[in-house]
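> Got a structure here, written out as structure tokens. Questions coming.
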Amino acid sequence: MLNVIGAGFPRTGTSSMKAALERLGFGPCYHMFEILARPDRVDRWLPAIEGRELDWNHVLEGYRSAMDWPASHFWREQAAAYPNAKVVLTVRDPARWHTSMQTLISEGPRTLAIGDLPPAAAEIMGAMRRLSPLLDLIGRAAFGPEFAMARDMPPVEVATEFFDLHTETVRRTIAPERLLVFDVREGWEPLCAFLGAEVPDEPFPHLNDADAIKVMMARLTTEGVVSTPFSGG
């Protein structure tokens with residue numbers, strides 16, 4: 001059962017949040033990297049492509065928290081399904097977020113062709129292609145009807161308007177006592193105060209998603225393995 005629901009867009013420190021929540025005892029934390037590491041998890045999301053309700057106890061079975069797409073797109077549904085869970089909306093400077101999102105799209109999985117990959121990596125990318133219709137649906141809901149993961153991000157002035165609208169929508173929807181709007185640069189204190197956790201005697205994790213994606217793409221191509229910030233290599 002979820003204790004912490006992520007409501008932020010990708011590239012708002014969601015990898016750092018996954019590491020932080022797991023350090024605080026709210027793990028394991030679901031993240032897109034979980035799907036990359038276990039491509040069989042894709043099938044649990046596919047009913048949403050047809051507009052069917054998801055069984056959250058099945059989709060997120062074994063997890064105590066969730067961050068990043070596709071999970072964070074469904075923050076409303078998860079908030080209703082888990083009324084005692086708290087919601088964390090991760091935010092960052094919108095212009096820097098736009099640049100990071102463009103890096104994700106231009107240097108991410110869309111750059112690879114299944115025929116060029118080792119068999120294990122081809123399986124992973126095949127699963128991601130099955131998930132891509134859902135990611136496109138999520139993207140259109142987030143950034144407008146013209147969006148597709150195979151294209152670039154909308155212009156910065158358009159995308160940041162959607163970013164700000166999303167922030168305000170979450171603020172209006174979730175009760176203030178249940179919501180933390182959080183920039184990972186704030187560190188442990190506000191997050192721990194919100195979750196009722198002790199502040200660790202160590203730096204807040206800061207994981208570089210852009211670097212992780214580059215490493216992951218390289219190792220997929222050359223070794224046929226997924227390397228994530230959480231896999232120890």
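Chain labels follow the order of the structure tokens: the first chain is A, the next B, and so on; residue numbering restarts at 1 in every chain, and ligands are counted from 1 in their shown order.
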Quick one: residues within 9 Å of segment 129-135 of chain A, only C-alpha atoms counted, chain neighbours fewer than 6 positions away excluded, as a CSV table (one decimal) with C-alpha atoms, in the first residue's frame?


```csv
chain,number,residue,atom,x,y,z
A,42,VAL,CA,4.7,-2.9,-18.6
A,43,ASP,CA,1.6,-5.2,-19.0
A,45,TRP,CA,-0.2,-0.5,-17.3
A,46,LEU,CA,-1.7,-1.4,-20.6
A,48,ALA,CA,-5.0,2.5,-19.2
A,49,ILE,CA,-4.4,2.8,-22.9
A,69,TRP,CA,5.8,8.8,-15.1
A,70,PRO,CA,3.8,6.8,-15.7
A,148,ALA,CA,4.2,12.7,-28.9
A,149,MET,CA,7.3,11.1,-27.3
```

> Quick one: DSSP strand (DSSP E or B) residues in segment 4-231 of chain A, as an MDAnalysis selection string?

chainID A and resid 4:6 29:30 65:66 86:90 179:182

> Next, write the just-selected residues to a file, as a compact mmCIF listing (two decimals), in the first residue's frame, keeping all heavy atoms as the atom set.


```
# COMPACT_ATOMS: atom_id res chain seq x y z
N VAL A 4 3.42 7.23 0.06
CA VAL A 4 3.83 8.50 -0.54
C VAL A 4 3.53 8.45 -2.03
O VAL A 4 3.98 7.53 -2.73
CB VAL A 4 5.32 8.80 -0.32
CG1 VAL A 4 5.68 10.16 -0.91
CG2 VAL A 4 5.67 8.76 1.16
N ILE A 5 2.78 9.44 -2.50
CA ILE A 5 2.38 9.53 -3.91
C ILE A 5 3.14 10.68 -4.54
O ILE A 5 3.07 11.81 -4.07
CB ILE A 5 0.86 9.77 -4.02
CG1 ILE A 5 0.09 8.58 -3.45
CG2 ILE A 5 0.46 10.04 -5.48
CD1 ILE A 5 -1.38 8.88 -3.21
N GLY A 6 3.85 10.40 -5.62
CA GLY A 6 4.52 11.46 -6.37
C GLY A 6 3.59 12.06 -7.39
O GLY A 6 2.91 11.34 -8.13
N CYS A 29 10.47 2.32 -3.93
CA CYS A 29 9.78 3.41 -4.61
C CYS A 29 9.70 3.11 -6.10
O CYS A 29 10.72 2.86 -6.75
CB CYS A 29 10.53 4.73 -4.39
SG CYS A 29 9.81 6.16 -5.24
N TYR A 30 8.47 3.13 -6.63
CA TYR A 30 8.26 2.86 -8.06
C TYR A 30 8.72 4.06 -8.87
O TYR A 30 8.47 5.21 -8.51
CB TYR A 30 6.78 2.60 -8.31
CG TYR A 30 6.49 1.86 -9.60
CD1 TYR A 30 6.28 0.49 -9.58
CD2 TYR A 30 6.44 2.52 -10.81
CE1 TYR A 30 6.01 -0.21 -10.75
CE2 TYR A 30 6.19 1.84 -11.98
CZ TYR A 30 5.97 0.47 -11.95
OH TYR A 30 5.71 -0.21 -13.11
N SER A 65 5.95 3.72 -2.20
CA SER A 65 5.95 5.08 -2.74
C SER A 65 6.10 4.99 -4.25
O SER A 65 6.46 3.95 -4.80
CB SER A 65 7.07 5.91 -2.12
OG SER A 65 8.33 5.29 -2.30
N ALA A 66 5.83 6.12 -4.92
CA ALA A 66 5.93 6.15 -6.38
C ALA A 66 6.32 7.55 -6.82
O ALA A 66 5.84 8.55 -6.26
CB ALA A 66 4.61 5.73 -7.02
N LYS A 86 0.39 10.44 1.69
CA LYS A 86 0.73 11.83 1.48
C LYS A 86 1.22 12.02 0.05
O LYS A 86 1.68 11.08 -0.60
CB LYS A 86 1.79 12.28 2.49
CG LYS A 86 1.26 12.27 3.93
CD LYS A 86 2.23 12.91 4.89
CE LYS A 86 1.62 13.02 6.28
NZ LYS A 86 2.52 13.70 7.24
N VAL A 87 1.10 13.27 -0.44
CA VAL A 87 1.42 13.58 -1.82
C VAL A 87 2.59 14.56 -1.86
O VAL A 87 2.57 15.59 -1.17
CB VAL A 87 0.20 14.18 -2.55
CG1 VAL A 87 0.55 14.53 -4.00
CG2 VAL A 87 -0.99 13.22 -2.50
N VAL A 88 3.59 14.24 -2.65
CA VAL A 88 4.74 15.11 -2.84
C VAL A 88 4.77 15.56 -4.30
O VAL A 88 4.87 14.74 -5.20
CB VAL A 88 6.06 14.42 -2.48
CG1 VAL A 88 7.24 15.35 -2.75
CG2 VAL A 88 6.06 13.98 -1.02
N LEU A 89 4.65 16.86 -4.50
CA LEU A 89 4.74 17.45 -5.84
C LEU A 89 6.15 18.01 -6.00
O LEU A 89 6.49 19.04 -5.42
CB LEU A 89 3.71 18.56 -6.00
CG LEU A 89 3.82 19.41 -7.28
CD1 LEU A 89 3.61 18.55 -8.52
CD2 LEU A 89 2.83 20.57 -7.23
N THR A 90 6.99 17.33 -6.76
CA THR A 90 8.34 17.81 -7.01
C THR A 90 8.31 18.89 -8.08
O THR A 90 7.62 18.77 -9.09
CB THR A 90 9.26 16.66 -7.45
OG1 THR A 90 8.59 15.87 -8.46
CG2 THR A 90 9.61 15.76 -6.28
N LEU A 179 -0.24 17.70 1.34
CA LEU A 179 0.60 18.00 0.18
C LEU A 179 1.89 18.71 0.58
O LEU A 179 1.88 19.65 1.37
CB LEU A 179 -0.17 18.88 -0.81
CG LEU A 179 0.61 19.39 -2.02
CD1 LEU A 179 1.01 18.24 -2.94
CD2 LEU A 179 -0.22 20.42 -2.78
N LEU A 180 3.00 18.26 -0.01
CA LEU A 180 4.27 18.97 0.07
C LEU A 180 4.71 19.33 -1.34
O LEU A 180 4.88 18.45 -2.19
CB LEU A 180 5.35 18.11 0.73
CG LEU A 180 6.76 18.72 0.77
CD1 LEU A 180 6.79 19.94 1.68
CD2 LEU A 180 7.79 17.68 1.21
N VAL A 181 4.87 20.62 -1.61
CA VAL A 181 5.46 21.08 -2.86
C VAL A 181 6.95 21.23 -2.58
O VAL A 181 7.37 22.02 -1.74
CB VAL A 181 4.84 22.41 -3.33
CG1 VAL A 181 5.48 22.86 -4.63
CG2 VAL A 181 3.33 22.26 -3.49
N PHE A 182 7.77 20.45 -3.30
CA PHE A 182 9.14 20.23 -2.85
C PHE A 182 10.13 20.32 -4.00
O PHE A 182 9.97 19.69 -5.04
CB PHE A 182 9.23 18.84 -2.21
CG PHE A 182 10.57 18.47 -1.67
CD1 PHE A 182 11.15 19.18 -0.63
CD2 PHE A 182 11.27 17.38 -2.18
CE1 PHE A 182 12.39 18.85 -0.12
CE2 PHE A 182 12.51 17.02 -1.68
CZ PHE A 182 13.08 17.76 -0.64
```

> Counting only C-alpha atoms, figure out which residue out of A:Ala85, A:Leu54, A:Leu36, A:Ala95 gets nearest to Glu157 of chain A.

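Closest candidate: A:Ala95.
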
> Between atom CA of Thr160 of chain A and atom CA of Gly51 of chain A, what is the spacing in Å?

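The value is 27.1 Å.
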
> Need to verify the contact set: Val156 of chain A, 9 Å, only C-alpha atoms, exclusion of same-chain residues closer than 2 positions in sequence. Can you return it as a PyMOL selection string?

chain A and resi 94-95+98-99+153-154+158-161

> Save the residues we just selected, N, CA and C atoms, as a compact mmCIF listing (two decimals), in the first residue's frame?


```
# COMPACT_ATOMS: atom_id res chain seq x y z
N PRO A 94 11.20 26.10 -14.07
CA PRO A 94 10.54 25.57 -15.28
C PRO A 94 11.41 25.58 -16.52
N ALA A 95 12.23 26.61 -16.72
CA ALA A 95 13.07 26.66 -17.91
C ALA A 95 14.13 25.56 -17.87
N HIS A 98 12.47 22.29 -18.66
CA HIS A 98 12.22 22.12 -20.09
C HIS A 98 13.46 21.60 -20.80
N THR A 99 14.61 22.15 -20.50
CA THR A 99 15.86 21.69 -21.10
C THR A 99 16.12 20.23 -20.77
N MET A 153 10.03 18.42 -27.38
CA MET A 153 9.16 19.13 -26.46
C MET A 153 8.56 20.36 -27.15
N PRO A 154 7.38 20.82 -26.69
CA PRO A 154 6.88 22.10 -27.17
C PRO A 154 7.86 23.22 -26.84
N VAL A 158 5.61 27.57 -24.12
CA VAL A 158 4.39 26.77 -24.08
C VAL A 158 4.49 25.71 -22.98
N ALA A 159 5.61 24.99 -22.97
CA ALA A 159 5.77 23.91 -22.01
C ALA A 159 5.76 24.41 -20.57
N THR A 160 6.38 25.56 -20.31
CA THR A 160 6.42 26.05 -18.94
C THR A 160 5.04 26.53 -18.47
N GLU A 161 4.20 26.95 -19.39
CA GLU A 161 2.82 27.27 -19.01
C GLU A 161 2.11 26.00 -18.52
```

> Give me, as a PDB file with N, CA, C and O atoms, in the first residue's frame, all polymer residues having an atom no more than 9 Å from Trp97 of chain A, counting only C-alpha atoms and skipping those fewer than 4 positions away in the same chain.


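Resulting contents of selection20.pdb:
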```
ATOM      1  N   PRO A  10       8.242  14.215 -14.790  1.00  0.00           N
ATOM      2  CA  PRO A  10       9.616  13.716 -14.897  1.00  0.00           C
ATOM      3  C   PRO A  10      10.607  14.881 -14.935  1.00  0.00           C
ATOM      4  O   PRO A  10      10.268  16.001 -15.287  1.00  0.00           O
ATOM      5  N   ARG A  11      11.814  14.598 -14.568  1.00  0.00           N
ATOM      6  CA  ARG A  11      12.911  15.554 -14.585  1.00  0.00           C
ATOM      7  C   ARG A  11      12.735  16.671 -13.567  1.00  0.00           C
ATOM      8  O   ARG A  11      13.182  17.790 -13.759  1.00  0.00           O
ATOM      9  N   THR A  12      12.056  16.350 -12.459  1.00  0.00           N
ATOM     10  CA  THR A  12      11.948  17.289 -11.341  1.00  0.00           C
ATOM     11  C   THR A  12      12.614  16.695 -10.092  1.00  0.00           C
ATOM     12  O   THR A  12      12.164  16.924  -8.974  1.00  0.00           O
ATOM     13  N   VAL A  91       9.066  19.954  -7.852  1.00  0.00           N
ATOM     14  CA  VAL A  91       9.120  21.090  -8.771  1.00  0.00           C
ATOM     15  C   VAL A  91      10.572  21.517  -8.946  1.00  0.00           C
ATOM     16  O   VAL A  91      11.453  21.133  -8.171  1.00  0.00           O
ATOM     17  N   ARG A  92      10.819  22.315  -9.983  1.00  0.00           N
ATOM     18  CA  ARG A  92      12.128  22.928 -10.200  1.00  0.00           C
ATOM     19  C   ARG A  92      11.918  24.142 -11.088  1.00  0.00           C
ATOM     20  O   ARG A  92      10.788  24.409 -11.522  1.00  0.00           O
ATOM     21  N   ASP A  93      12.987  24.866 -11.359  1.00  0.00           N
ATOM     22  CA  ASP A  93      12.888  25.998 -12.265  1.00  0.00           C
ATOM     23  C   ASP A  93      12.328  25.520 -13.598  1.00  0.00           C
ATOM     24  O   ASP A  93      12.886  24.606 -14.222  1.00  0.00           O
ATOM     25  N   MET A 101      13.878  17.914 -19.917  1.00  0.00           N
ATOM     26  CA  MET A 101      12.903  17.073 -20.612  1.00  0.00           C
ATOM     27  C   MET A 101      13.303  16.867 -22.061  1.00  0.00           C
ATOM     28  O   MET A 101      13.165  15.764 -22.617  1.00  0.00           O
ATOM     29  N   GLN A 102      13.799  17.921 -22.708  1.00  0.00           N
ATOM     30  CA  GLN A 102      14.216  17.783 -24.106  1.00  0.00           C
ATOM     31  C   GLN A 102      15.383  16.804 -24.228  1.00  0.00           C
ATOM     32  O   GLN A 102      15.446  16.010 -25.172  1.00  0.00           O
ATOM     33  N   THR A 160       6.381  25.561 -20.313  1.00  0.00           N
ATOM     34  CA  THR A 160       6.417  26.050 -18.941  1.00  0.00           C
ATOM     35  C   THR A 160       5.044  26.527 -18.469  1.00  0.00           C
ATOM     36  O   THR A 160       4.750  26.481 -17.270  1.00  0.00           O
ATOM     37  N   PHE A 163       3.598  23.422 -17.265  1.00  0.00           N
ATOM     38  CA  PHE A 163       4.244  23.072 -15.998  1.00  0.00           C
ATOM     39  C   PHE A 163       3.605  23.833 -14.839  1.00  0.00           C
ATOM     40  O   PHE A 163       3.245  23.249 -13.810  1.00  0.00           O
TER      41      PHE A 163
END
```
